[in-house]
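Below is the file query_6.pdb, which contains PDB, C-alpha atoms (C1' of nucleotides).
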ATOM      1  CA  MET H   5       0.000   0.000   0.000
ATOM      2  CA  GLU H   6       1.579   3.202  -1.180
ATOM      3  CA  ILE H   7      -0.435   6.340  -0.612
ATOM      4  CA  SER H   8       0.058   9.968  -1.629
ATOM      5  CA  ILE H   9      -0.318  12.784   0.863
ATOM      6  CA  GLY H  10      -3.630  13.683  -0.766
ATOM      7  CA  GLU H  11      -4.978  10.186  -0.284
ATOM      8  CA  LEU H  12      -3.728  10.160   3.311
ATOM      9  CA  SER H  13      -5.511  13.456   3.787
ATOM     10  CA  LYS H  14      -8.764  12.038   2.422
ATOM     11  CA  ARG H  15      -8.607   8.943   4.630
ATOM     12  CA  THR H  16      -7.912  10.805   7.857
ATOM     13  CA  GLY H  17      -9.616  14.137   7.313
ATOM     14  CA  VAL H  18      -6.363  16.009   7.983
ATOM     15  CA  LEU H  19      -5.295  18.609   5.415
ATOM     16  CA  ALA H  20      -2.143  17.815   3.430
ATOM     17  CA  THR H  21      -0.593  21.079   4.616
ATOM     18  CA  THR H  22      -1.296  20.039   8.179
ATOM     19  CA  VAL H  23       0.324  16.645   7.598
ATOM     20  CA  ARG H  24       3.473  18.386   6.408
ATOM     21  CA  TYR H  25       3.285  20.637   9.450
ATOM     22  CA  TYR H  26       3.062  17.562  11.707
ATOM     23  CA  GLU H  27       6.159  16.249   9.992
ATOM     24  CA  ASP H  28       7.943  19.544  10.655
ATOM     25  CA  VAL H  29       7.110  19.489  14.347
ATOM     26  CA  GLY H  30       7.950  15.811  14.724
ATOM     27  CA  LEU H  31       4.504  14.296  15.228
ATOM     28  CA  MET H  32       4.691  12.403  11.944
ATOM     29  CA  PRO H  33       7.907  10.742  10.732
ATOM     30  CA  ALA H  34       9.392  11.835   7.418
ATOM     31  CA  PRO H  35       8.034   9.207   5.017
ATOM     32  CA  PRO H  36       9.910   7.649   2.086
ATOM     33  CA  ARG H  37       9.666   9.504  -1.212
ATOM     34  CA  THR H  38       8.857   8.432  -4.758
ATOM     35  CA  ALA H  39      11.406   8.847  -7.558
ATOM     36  CA  GLY H  40       9.824  12.236  -8.249
ATOM     37  CA  GLY H  41      10.273  13.356  -4.649
ATOM     38  CA  ARG H  42       6.711  12.929  -3.403
ATOM     39  CA  ARG H  43       5.807  11.633   0.025
ATOM     40  CA  SER H  44       4.671   8.022   0.085
ATOM     41  CA  TYR H  45       2.713   6.713   3.063
ATOM     42  CA  GLY H  46       1.711   3.281   4.330
ATOM     43  CA  GLN H  47      -0.833   1.811   6.729
ATOM     44  CA  ALA H  48       1.159   2.712   9.826
ATOM     45  CA  HIS H  49       1.108   6.361   8.821
ATOM     46  CA  VAL H  50      -2.656   6.289   8.432
ATOM     47  CA  ALA H  51      -3.060   4.830  11.927
ATOM     48  CA  ARG H  52      -0.642   7.293  13.482
ATOM     49  CA  LEU H  53      -2.274  10.276  11.823
ATOM     50  CA  ALA H  54      -5.730   9.080  12.881
ATOM     51  CA  PHE H  55      -4.431   8.849  16.446
ATOM     52  CA  ILE H  56      -3.057  12.374  16.253
ATOM     53  CA  ARG H  57      -6.249  13.743  14.779
ATOM     54  CA  HIS H  58      -8.380  12.139  17.396
ATOM     55  CA  ALA H  59      -6.187  13.377  20.207
ATOM     56  CA  ARG H  60      -6.305  16.887  18.773
ATOM     57  CA  GLN H  61     -10.082  16.693  18.537
ATOM     58  CA  LEU H  62     -10.098  15.809  22.197
ATOM     59  CA  GLY H  63      -8.061  18.928  22.822
ATOM     60  CA  PHE H  64      -4.684  17.397  23.678
ATOM     61  CA  GLU H  65      -1.795  19.717  22.973
ATOM     62  CA  VAL H  66       0.890  18.745  20.503
ATOM     63  CA  ASP H  67       3.416  18.186  23.301
ATOM     64  CA  ALA H  68       1.042  15.836  25.096
ATOM     65  CA  ILE H  69       0.402  13.967  21.862
ATOM     66  CA  ARG H  70       4.111  13.531  21.369
ATOM     67  CA  GLU H  71       4.281  11.890  24.796
ATOM     68  CA  LEU H  72       1.236   9.740  24.103
ATOM     69  CA  LEU H  73       2.713   8.567  20.811
ATOM     70  CA  ALA H  74       5.979   7.688  22.518
ATOM     71  CA  LEU H  75       4.092   5.696  25.134
ATOM     72  CA  ASN H  76       1.977   4.031  22.470
ATOM     73  CA  ALA H  77       5.194   2.722  20.973
ATOM     74  CA  ARG H  78       6.150   1.050  24.287
ATOM     75  CA  PRO H  79       3.131  -1.174  25.081
ATOM     76  CA  GLU H  80       5.022  -3.085  27.778
ATOM     77  CA  LEU H  81       5.320  -0.038  30.057
ATOM     78  CA  PRO H  82       2.765   0.575  32.805
ATOM     79  CA  CYS H  83       0.135   3.032  31.645
ATOM     80  CA  ALA H  84       0.412   5.294  34.679
ATOM     81  CA  GLU H  85       1.951   8.035  32.593
ATOM     82  CA  VAL H  86      -0.835   7.854  30.041
ATOM     83  CA  ASP H  87      -3.240   8.247  32.897
ATOM     84  CA  VAL H  88      -1.378  11.281  34.216
ATOM     85  CA  ILE H  89      -1.467  13.012  30.833
ATOM     86  CA  ALA H  90      -5.159  12.310  30.340
ATOM     87  CA  ARG H  91      -6.095  13.414  33.859
ATOM     88  CA  ARG H  92      -4.036  16.553  33.556
ATOM     89  CA  HIS H  93      -5.888  17.380  30.381
ATOM     90  CA  LEU H  94      -9.235  16.579  31.954
ATOM     91  CA  ALA H  95      -8.448  18.966  34.803
ATOM     92  CA  GLU H  96      -7.462  21.619  32.285
ATOM     93  CA  VAL H  97     -10.784  21.167  30.450
ATOM     94  CA  ASP H  98     -12.679  21.331  33.735
ATOM     95  CA  GLY H  99     -10.983  24.612  34.526
ATOM     96  CA  ARG H 100     -11.882  26.003  31.149
ATOM     97  CA  ILE H 101     -15.516  25.006  31.546
ATOM     98  CA  GLU H 102     -15.626  26.577  34.963
ATOM     99  CA  ARG H 103     -14.171  29.866  33.788
ATOM    100  CA  LEU H 104     -16.441  29.976  30.759
ATOM    101  CA  THR H 105     -19.500  29.233  32.871
ATOM    102  CA  ALA H 106     -18.757  32.096  35.266
ATOM    103  CA  LEU H 107     -18.168  34.353  32.300
ATOM    104  CA  ARG H 108     -21.398  33.216  30.708
ATOM    105  CA  ALA H 109     -23.341  34.139  33.840
ATOM    106  CA  GLU H 110     -21.864  37.625  33.797
ATOM    107  CA  LEU H 111     -22.575  38.093  30.112
ATOM    108  CA  SER H 112     -26.079  36.787  30.418
ATOM    109  CA  ARG H 113     -26.854  39.131  33.294
ATOM    110  CA  MET H 114     -25.469  42.034  31.294
ATOM    111  CA  VAL H 115     -27.555  41.216  28.264
ATOM    112  CA  GLY H 116     -30.657  40.646  30.379
ATOM    113  CA  GLU H 117     -30.375  44.070  31.945
ATOM    114  CA  CYS H 118     -30.146  45.931  28.654
ATOM    115  CA  GLY H 119     -33.228  48.121  28.448
ATOM    116  CA  HIS H 120     -32.995  48.584  24.653
ATOM    117  CA  GLY H 121     -32.836  52.321  25.027
ATOM    118  CA  ARG H 122     -29.903  54.506  24.035
ATOM    119  CA  VAL H 123     -26.237  53.613  24.261
ATOM    120  CA  GLY H 124     -25.838  56.260  26.958
ATOM    121  CA  GLU H 125     -28.022  54.280  29.366
ATOM    122  CA  CYS H 126     -27.098  50.797  28.191
ATOM    123  CA  ARG H 127     -26.278  48.432  31.028
ATOM    124  CA  VAL H 128     -23.951  46.431  28.825
ATOM    125  CA  ILE H 129     -21.761  49.462  28.305
ATOM    126  CA  GLU H 130     -22.024  50.430  31.960
ATOM    127  CA  VAL H 131     -20.947  47.021  33.175
ATOM    128  CA  LEU H 132     -18.042  47.006  30.775
ATOM    129  CA  SER H 133     -16.992  50.432  31.998
ATOM    130  CA  ASP H 134     -17.069  49.501  35.652
ATOM    131  CA  HIS H 135     -15.688  46.231  36.887
ATOM    132  CA  GLY H 136     -17.351  46.890  40.255
ATOM    133  CA  GLU H 137     -20.664  46.054  38.593
ATOM    134  CA  CYS H 138     -19.641  42.441  38.265
ATOM    135  CA  LEU H 139     -20.742  39.650  40.541
ATOM    136  CA  GLY H 140     -17.578  37.611  40.397
ATOM    137  CA  ASP H 141     -14.176  39.235  40.521
ATOM    138  CA  ARG H 142     -12.515  36.115  39.276
ATOM    139  CA  HIS H 143     -12.201  37.354  35.731
TER     140      HIS H 143
ATOM    141  CA  MET J 772      -3.167  64.513  35.550
ATOM    142  CA  GLU J 773      -0.259  63.337  33.428
ATOM    143  CA  ILE J 774       0.569  59.690  33.698
ATOM    144  CA  SER J 775       3.377  57.535  32.322
ATOM    145  CA  ILE J 776       2.698  54.242  30.610
ATOM    146  CA  GLY J 777       4.022  52.450  33.676
ATOM    147  CA  GLU J 778       1.584  54.248  35.953
ATOM    148  CA  LEU J 779      -1.261  53.550  33.508
ATOM    149  CA  SER J 780      -0.219  49.920  33.571
ATOM    150  CA  LYS J 781      -0.315  49.852  37.383
ATOM    151  CA  ARG J 782      -3.749  51.454  37.561
ATOM    152  CA  THR J 783      -5.387  49.166  35.018
ATOM    153  CA  GLY J 784      -3.467  45.945  35.384
ATOM    154  CA  VAL J 785      -2.551  45.943  31.705
ATOM    155  CA  LEU J 786       1.117  45.471  30.816
ATOM    156  CA  ALA J 787       2.867  48.449  29.251
ATOM    157  CA  THR J 788       3.819  46.307  26.258
ATOM    158  CA  THR J 789       0.171  45.409  25.843
ATOM    159  CA  VAL J 790      -0.864  49.055  26.003
ATOM    160  CA  ARG J 791       1.549  49.807  23.173
ATOM    161  CA  TYR J 792       0.123  46.837  21.288
ATOM    162  CA  TYR J 793      -3.407  48.215  21.762
ATOM    163  CA  GLU J 794      -2.184  51.489  20.322
ATOM    164  CA  ASP J 795      -0.750  49.648  17.302
ATOM    165  CA  VAL J 796      -4.017  47.858  16.597
ATOM    166  CA  GLY J 797      -6.112  50.957  17.135
ATOM    167  CA  LEU J 798      -7.836  50.143  20.417
ATOM    168  CA  MET J 799      -6.023  52.933  22.238
ATOM    169  CA  PRO J 800      -5.372  56.344  20.650
ATOM    170  CA  ALA J 801      -1.794  57.526  20.244
ATOM    171  CA  PRO J 802      -1.346  59.748  23.312
ATOM    172  CA  PRO J 803       0.591  63.013  23.458
ATOM    173  CA  ARG J 804       4.291  62.714  24.238
ATOM    174  CA  THR J 805       6.574  64.451  26.699
ATOM    175  CA  ALA J 806       9.531  66.513  25.481
ATOM    176  CA  GLY J 807      11.618  63.364  25.808
ATOM    177  CA  GLY J 808       9.263  61.376  23.600
ATOM    178  CA  ARG J 809       7.452  59.387  26.309
ATOM    179  CA  ARG J 810       3.751  58.618  26.203
ATOM    180  CA  SER J 811       1.645  60.779  28.503
ATOM    181  CA  TYR J 812      -1.831  59.645  29.486
ATOM    182  CA  GLY J 813      -4.837  61.276  31.129
ATOM    183  CA  GLN J 814      -7.989  60.188  32.913
ATOM    184  CA  ALA J 815      -9.841  59.357  29.688
ATOM    185  CA  HIS J 816      -7.098  56.901  28.737
ATOM    186  CA  VAL J 817      -7.388  55.161  32.086
ATOM    187  CA  ALA J 818     -11.154  54.741  31.633
ATOM    188  CA  ARG J 819     -10.808  53.520  28.075
ATOM    189  CA  LEU J 820      -8.124  51.007  28.947
ATOM    190  CA  ALA J 821     -10.173  49.729  31.892
ATOM    191  CA  PHE J 822     -13.098  49.247  29.524
ATOM    192  CA  ILE J 823     -10.890  47.320  27.094
ATOM    193  CA  ARG J 824      -9.427  45.172  29.826
ATOM    194  CA  HIS J 825     -12.803  44.311  31.216
ATOM    195  CA  ALA J 826     -14.186  43.454  27.795
ATOM    196  CA  ARG J 827     -11.169  41.210  27.130
ATOM    197  CA  GLN J 828     -11.674  39.494  30.482
ATOM    198  CA  LEU J 829     -15.221  38.807  29.398
ATOM    199  CA  GLY J 830     -13.795  37.244  26.260
ATOM    200  CA  PHE J 831     -14.799  39.843  23.677
ATOM    201  CA  GLU J 832     -12.546  39.840  20.633
ATOM    202  CA  VAL J 833     -10.557  42.906  19.732
ATOM    203  CA  ASP J 834     -12.806  43.591  16.720
ATOM    204  CA  ALA J 835     -15.904  43.489  18.910
ATOM    205  CA  ILE J 836     -14.244  45.807  21.421
ATOM    206  CA  ARG J 837     -13.473  48.258  18.655
ATOM    207  CA  GLU J 838     -17.187  48.327  17.810
ATOM    208  CA  LEU J 839     -18.187  48.646  21.438
ATOM    209  CA  LEU J 840     -15.798  51.555  21.915
ATOM    210  CA  ALA J 841     -17.184  53.281  18.850
ATOM    211  CA  LEU J 842     -20.720  52.851  20.178
ATOM    212  CA  ASN J 843     -19.671  54.040  23.603
ATOM    213  CA  ALA J 844     -18.594  57.281  21.993
ATOM    214  CA  ARG J 845     -22.097  57.828  20.557
ATOM    215  CA  PRO J 846     -24.385  57.656  23.605
ATOM    216  CA  GLU J 847     -27.348  59.079  21.698
ATOM    217  CA  LEU J 848     -27.626  56.034  19.407
ATOM    218  CA  PRO J 849     -30.029  53.216  20.244
ATOM    219  CA  CYS J 850     -28.204  50.404  21.981
ATOM    220  CA  ALA J 851     -29.543  47.679  19.710
ATOM    221  CA  GLU J 852     -26.118  47.149  18.180
ATOM    222  CA  VAL J 853     -24.505  46.797  21.575
ATOM    223  CA  ASP J 854     -27.092  44.177  22.335
ATOM    224  CA  VAL J 855     -26.327  42.321  19.103
ATOM    225  CA  ILE J 856     -22.604  42.218  19.849
ATOM    226  CA  ALA J 857     -23.143  41.017  23.399
ATOM    227  CA  ARG J 858     -25.682  38.370  22.398
ATOM    228  CA  ARG J 859     -23.467  37.143  19.594
ATOM    229  CA  HIS J 860     -20.652  36.748  22.066
ATOM    230  CA  LEU J 861     -22.915  35.021  24.565
ATOM    231  CA  ALA J 862     -23.948  32.527  21.882
ATOM    232  CA  GLU J 863     -20.303  31.952  21.043
ATOM    233  CA  VAL J 864     -19.497  31.259  24.703
ATOM    234  CA  ASP J 865     -22.481  28.910  24.946
ATOM    235  CA  GLY J 866     -21.167  26.984  21.962
ATOM    236  CA  ARG J 867     -17.737  26.730  23.512
ATOM    237  CA  ILE J 868     -19.151  25.448  26.793
ATOM    238  CA  GLU J 869     -21.233  22.885  24.949
ATOM    239  CA  ARG J 870     -18.299  21.573  22.948
ATOM    240  CA  LEU J 871     -16.062  21.450  25.995
ATOM    241  CA  THR J 872     -18.689  19.631  28.009
ATOM    242  CA  ALA J 873     -19.093  16.918  25.364
ATOM    243  CA  LEU J 874     -15.341  16.603  25.197
ATOM    244  CA  ARG J 875     -15.105  16.423  28.958
ATOM    245  CA  ALA J 876     -17.539  13.503  29.012
ATOM    246  CA  GLU J 877     -15.460  11.605  26.484
ATOM    247  CA  LEU J 878     -12.229  12.294  28.357
ATOM    248  CA  SER J 879     -13.731  11.372  31.665
ATOM    249  CA  ARG J 880     -15.039   8.077  30.309
ATOM    250  CA  MET J 881     -11.637   7.325  28.852
ATOM    251  CA  VAL J 882      -9.834   8.041  32.090
ATOM    252  CA  GLY J 883     -12.390   6.074  34.094
ATOM    253  CA  GLU J 884     -11.872   2.987  31.979
ATOM    254  CA  CYS J 885      -8.122   2.913  32.373
ATOM    255  CA  GLY J 886      -7.276  -0.282  34.217
ATOM    256  CA  HIS J 887      -3.819   0.916  35.317
ATOM    257  CA  GLY J 888      -2.165  -2.008  33.612
ATOM    258  CA  ARG J 889       0.264  -1.791  30.723
ATOM    259  CA  VAL J 890       0.176   0.722  27.897
ATOM    260  CA  GLY J 891      -0.628  -2.132  25.511
ATOM    261  CA  GLU J 892      -4.015  -2.660  27.138
ATOM    262  CA  CYS J 893      -4.701   0.932  28.127
ATOM    263  CA  ARG J 894      -8.201   2.082  27.227
ATOM    264  CA  VAL J 895      -7.029   5.668  26.875
ATOM    265  CA  ILE J 896      -4.656   4.672  24.115
ATOM    266  CA  GLU J 897      -7.258   2.408  22.532
ATOM    267  CA  VAL J 898      -9.895   5.102  22.432
ATOM    268  CA  LEU J 899      -7.426   7.541  20.935
ATOM    269  CA  SER J 900      -6.511   4.985  18.304
ATOM    270  CA  ASP J 901     -10.065   4.277  17.264
ATOM    271  CA  HIS J 902     -12.576   7.023  16.865
ATOM    272  CA  GLY J 903     -15.330   4.400  16.682
ATOM    273  CA  GLU J 904     -14.893   3.956  20.439
ATOM    274  CA  CYS J 905     -16.348   7.390  21.052
ATOM    275  CA  LEU J 906     -19.883   8.080  22.134
ATOM    276  CA  GLY J 907     -20.342  11.346  20.292
ATOM    277  CA  ASP J 908     -19.094  11.786  16.763
ATOM    278  CA  ARG J 909     -19.379  15.538  16.999
ATOM    279  CA  HIS J 910     -15.689  16.014  17.555
TER     280      HIS J 910
ATOM    281  C1'  DT B 719       0.851  16.258 -26.591
ATOM    282  C1'  DT B 720      -1.420  19.041 -23.883
ATOM    283  C1'  DA B 721      -4.144  20.369 -20.096
ATOM    284  C1'  DA B 722      -5.524  19.649 -15.478
ATOM    285  C1'  DT B 723      -4.383  18.207 -11.227
ATOM    286  C1'  DT B 724      -1.466  17.157  -7.501
ATOM    287  C1'  DC B 725       2.457  17.793  -5.168
ATOM    288  C1'  DC B 726       6.894  20.211  -3.801
ATOM    289  C1'  DT B 727       9.382  24.024  -0.838
ATOM    290  C1'  DC B 728       9.481  28.307   1.300
ATOM    291  C1'  DC B 729       7.473  31.936   3.602
ATOM    292  C1'  DA B 730       3.915  34.891   5.683
ATOM    293  C1'  DG B 731      -0.158  35.466   8.412
ATOM    294  C1'  DC B 732      -4.007  34.544  11.837
ATOM    295  C1'  DG B 733      -5.117  36.446  17.382
ATOM    296  C1'  DG B 734      -3.566  38.469  21.219
ATOM    297  C1'  DC B 735      -0.206  39.259  23.190
ATOM    298  C1'  DT B 736       4.848  38.734  25.425
ATOM    299  C1'  DG B 737       9.680  39.295  25.792
ATOM    300  C1'  DG B 738      14.328  40.570  24.389
ATOM    301  C1'  DA B 739      17.982  43.677  22.313
ATOM    302  C1'  DG B 740      19.953  47.880  22.224
ATOM    303  C1'  DG B 741      19.550  52.471  23.215
ATOM    304  C1'  DA B 742      17.848  57.017  25.374
ATOM    305  C1'  DG B 743      15.499  59.737  29.168
ATOM    306  C1'  DC B 744      15.062  60.851  33.848
ATOM    307  C1'  DA B 745      15.040  61.115  39.123
ATOM    308  C1'  DA B 746      17.633  60.690  43.282
ATOM    309  C1'  DG B 747      21.686  60.436  45.974
ATOM    310  C1'  DC B 748      26.579  61.823  46.597
TER     311       DC B 748
ATOM    312  C1'  DG M 159      27.629  67.680  38.030
ATOM    313  C1'  DC M 160      27.958  62.819  37.860
ATOM    314  C1'  DT M 161      26.851  58.323  38.460
ATOM    315  C1'  DT M 162      23.539  54.708  39.352
ATOM    316  C1'  DG M 163      19.450  52.509  38.444
ATOM    317  C1'  DC M 164      15.099  52.688  36.788
ATOM    318  C1'  DT M 165      11.728  53.533  33.177
ATOM    319  C1'  DC M 166      10.764  54.126  28.672
ATOM    320  C1'  DC M 167      11.597  54.043  23.537
ATOM    321  C1'  DT M 168      11.505  51.281  18.884
ATOM    322  C1'  DC M 169      11.962  47.192  16.353
ATOM    323  C1'  DC M 170      11.625  42.505  15.821
ATOM    324  C1'  DA M 171      10.885  37.611  16.894
ATOM    325  C1'  DG M 172       8.266  34.083  19.100
ATOM    326  C1'  DC M 173       4.209  31.624  21.268
ATOM    327  C1'  DC M 174       0.277  27.758  19.387
ATOM    328  C1'  DG M 175      -1.628  25.123  15.715
ATOM    329  C1'  DC M 176      -2.323  25.554  11.841
ATOM    330  C1'  DT M 177      -3.650  27.729   6.913
ATOM    331  C1'  DG M 178      -2.890  29.665   2.500
ATOM    332  C1'  DG M 179      -0.321  31.652  -1.294
ATOM    333  C1'  DA M 180       3.608  31.909  -4.733
ATOM    334  C1'  DG M 181       6.152  29.693  -8.004
ATOM    335  C1'  DG M 182       7.605  25.603  -9.830
ATOM    336  C1'  DA M 183       7.967  20.381 -10.815
ATOM    337  C1'  DA M 184       5.671  15.856 -11.377
ATOM    338  C1'  DT M 185       2.053  13.082 -12.456
ATOM    339  C1'  DT M 186      -2.386  11.698 -14.626
ATOM    340  C1'  DA M 187      -6.345  11.925 -17.965
ATOM    341  C1'  DA M 188      -8.148  13.105 -22.299
TER     342       DA M 188
END

What does the file become when written as structure tokens?
Amino acid sequence: MEISIGELSKRTGVLATTVRYYEDVGLMPAPPRTAGGRRSYGQAHVARLAFIRHARQLGFEVDAIRELLALNARPELPCAEVDVIARRHLAEVDGRIERLTALRAELSRMVGECGHGRVGECRVIEVLSDHGECLGDRH
Amino acid sequence: MEISIGELSKRTGVLATTVRYYEDVGLMPAPPRTAGGRRSYGQAHVARLAFIRHARQLGFEVDAIRELLALNARPELPCAEVDVIARRHLAEVDGRIERLTALRAELSRMVGECGHGRVGECRVIEVLSDHGECLGDRH
DNA sequence: TTAATTCCTCCAGCGGCTGGAGGAGCAAGC
DNA sequence: GCTTGCTCCTCCAGCCGCTGGAGGAATTAA
């Protein structure tokens, strides 16, 4: 099975430019080339790229993915480290949700108080002008 | 009241480098300079920068803030446009929370299924390798 | 053979800053 | 008046994770 970068792109849903970028940053290995100098991929590349794509979709950073790929290549190791990376990311996502939820409450209150009059009396503008108007000071 | 960029930074909590950046991108006006060529700010600058900072903390994009600032300068206009910008942003935040929450569920399931054995049998790695393992296909 | 398509490399740009280099201004102490 | 140390100046590069364009070479289809 010898696949062009375009075909690899089609099978994984990752843009060809992005595949080359992954090669640059060391997520994908430099594949063999055809006589004409074009990248030629095999089944292992498809699997690896699918792994990367999925991890990215789940929000893992490139550095974390590099670690996960390294661990994936050593199936005999205990998976404690995998667990650490995933839990760290989960905590990070939790934090993001929390911050966004607090922010959403503030925004929603602001919008709800807008009396649809003139800008000069608009609560949205007032709240933005004065941080003291906010419920939470976390942001 | 004549204030240096450092003092402005202290009063608003915005880094001096960031203030200069805001000037570059047109959020802050170019202030008058001292004889020695240093930026000199007044009360209006402090208020404007506080407004910008607060809007950024609430997640508004720089483009949206530019619009909000322009509207703020025209208090006689109806505030419908302010409302549109704020509601648009609220919807955007809602979308982000929704996506993150779905992602969190997937991550949490993954982590929960990890049997703390070897990498070769780790569910986290398996799920990452095979998108079919996921509950939602939204990501 | 020619035309269309795909691929190549290199480089720049997105957003929203942040930091460093290398230099000049300025306030306070001696 | 001079030095020391701080702040400020401009310019430029880098962060993350891509994305797209220019200009050219290779491949494929008609």

- Task: Considering only C-alpha atoms (C1' of nucleotides), return as a VMD selection string whatever protein or nucleic-acid residues lie within 8 Å of range 795-802 of chain J, sequence-local ones (same chain, fewer than 6 positions apart) excluded.
- Result: chain J and resid 810 to 812 816 819 to 820 823 833 836 to 837

Can you tell me, as a list in words, what residues are no more than 9 Å from range 75-82 of chain H when counting all atoms listed in the file, ignoring any on the same chain fewer than 4 positions away? Arg70, Glu71 and Val86 of chain H; His887, Gly888, Arg889, Val890, Gly891, Glu892, Cys893 and Ile896 of chain J

Restricted to C-alpha atoms, what would the selected residues look like written as a compact mmCIF listing (two decimals), in the coordinates of the input?
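As written to disk, again12.txt reads:
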# COMPACT_ATOMS: atom_id res chain seq x y z
CA ARG H 70 4.11 13.53 21.37
CA GLU H 71 4.28 11.89 24.80
CA VAL H 86 -0.84 7.85 30.04
CA HIS J 887 -3.82 0.92 35.32
CA GLY J 888 -2.16 -2.01 33.61
CA ARG J 889 0.26 -1.79 30.72
CA VAL J 890 0.18 0.72 27.90
CA GLY J 891 -0.63 -2.13 25.51
CA GLU J 892 -4.01 -2.66 27.14
CA CYS J 893 -4.70 0.93 28.13
CA ILE J 896 -4.66 4.67 24.12

Please tabulate, as a Markdown table, the residues of chain H that come within 8 Å of chain M, each with its closest pair of atoms and the distance in Å to one decimal, counting all atoms listed in the file and ordering rows by chain, then residue number upward.
| residue | atom | partner | partner_atom | distance |
| --- | --- | --- | --- | --- |
| H:Thr21 | CA | M:DT177 | C1' | 7.7 |
| H:Thr22 | CA | M:DC176 | C1' | 6.7 |
| H:Tyr25 | CA | M:DC176 | C1' | 7.8 |
| H:Gly40 | CA | M:DA184 | C1' | 6.3 |

Compute the chain B side of the contact with chain H at 10 Å, counting all atoms listed in the file, and hand it back as a PyMOL selection string. chain B and resi 724-726

Taking 6 positions as the minimum chain separation for residues in the same chain, which residues sit within 12 Å of Glu869 in chain J when counting only C-alpha atoms (C1' of nucleotides)? Answer as JSON, numbers by chain.
{"H": [97, 100, 101, 104, 105, 108], "J": [862, 863, 875, 876, 909, 910]}

Counting only C-alpha atoms, the residue among J:Arg827, J:Lys781, J:Arg804, J:Arg791 that lies closest to chain H is J:Arg827

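Taking CA of Cys885 in chain J and CA of Gly17 in chain H as endpoints, the distance between them is 27.5 Å.
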
CA of Glu27 in chain H to CA of His58 in chain H measures 16.8 Å

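Note that the spacing between CA of Gly886 in chain J and CA of Arg57 in chain H amounts to 24.0 Å.
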
**Message:** the PyMOL selection byres ((chain J and resi 854) around 8) - which residues does that actually catch in the file I just gave you? List them as a PyMOL selection string.
**Reply:** (chain H and resi 115+118+120+128) or (chain J and resi 850-853+855-858)

Closest of H:Arg92, H:Gln61, H:Glu117, H:Glu6 to chain J, counting all atoms listed in the file, is H:Gln61

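For the choices H:Cys138, H:Ala68, H:Ala106, H:Leu62, the atom-to-atom distance to chain J is smallest for H:Leu62 when using all atoms listed in the file.
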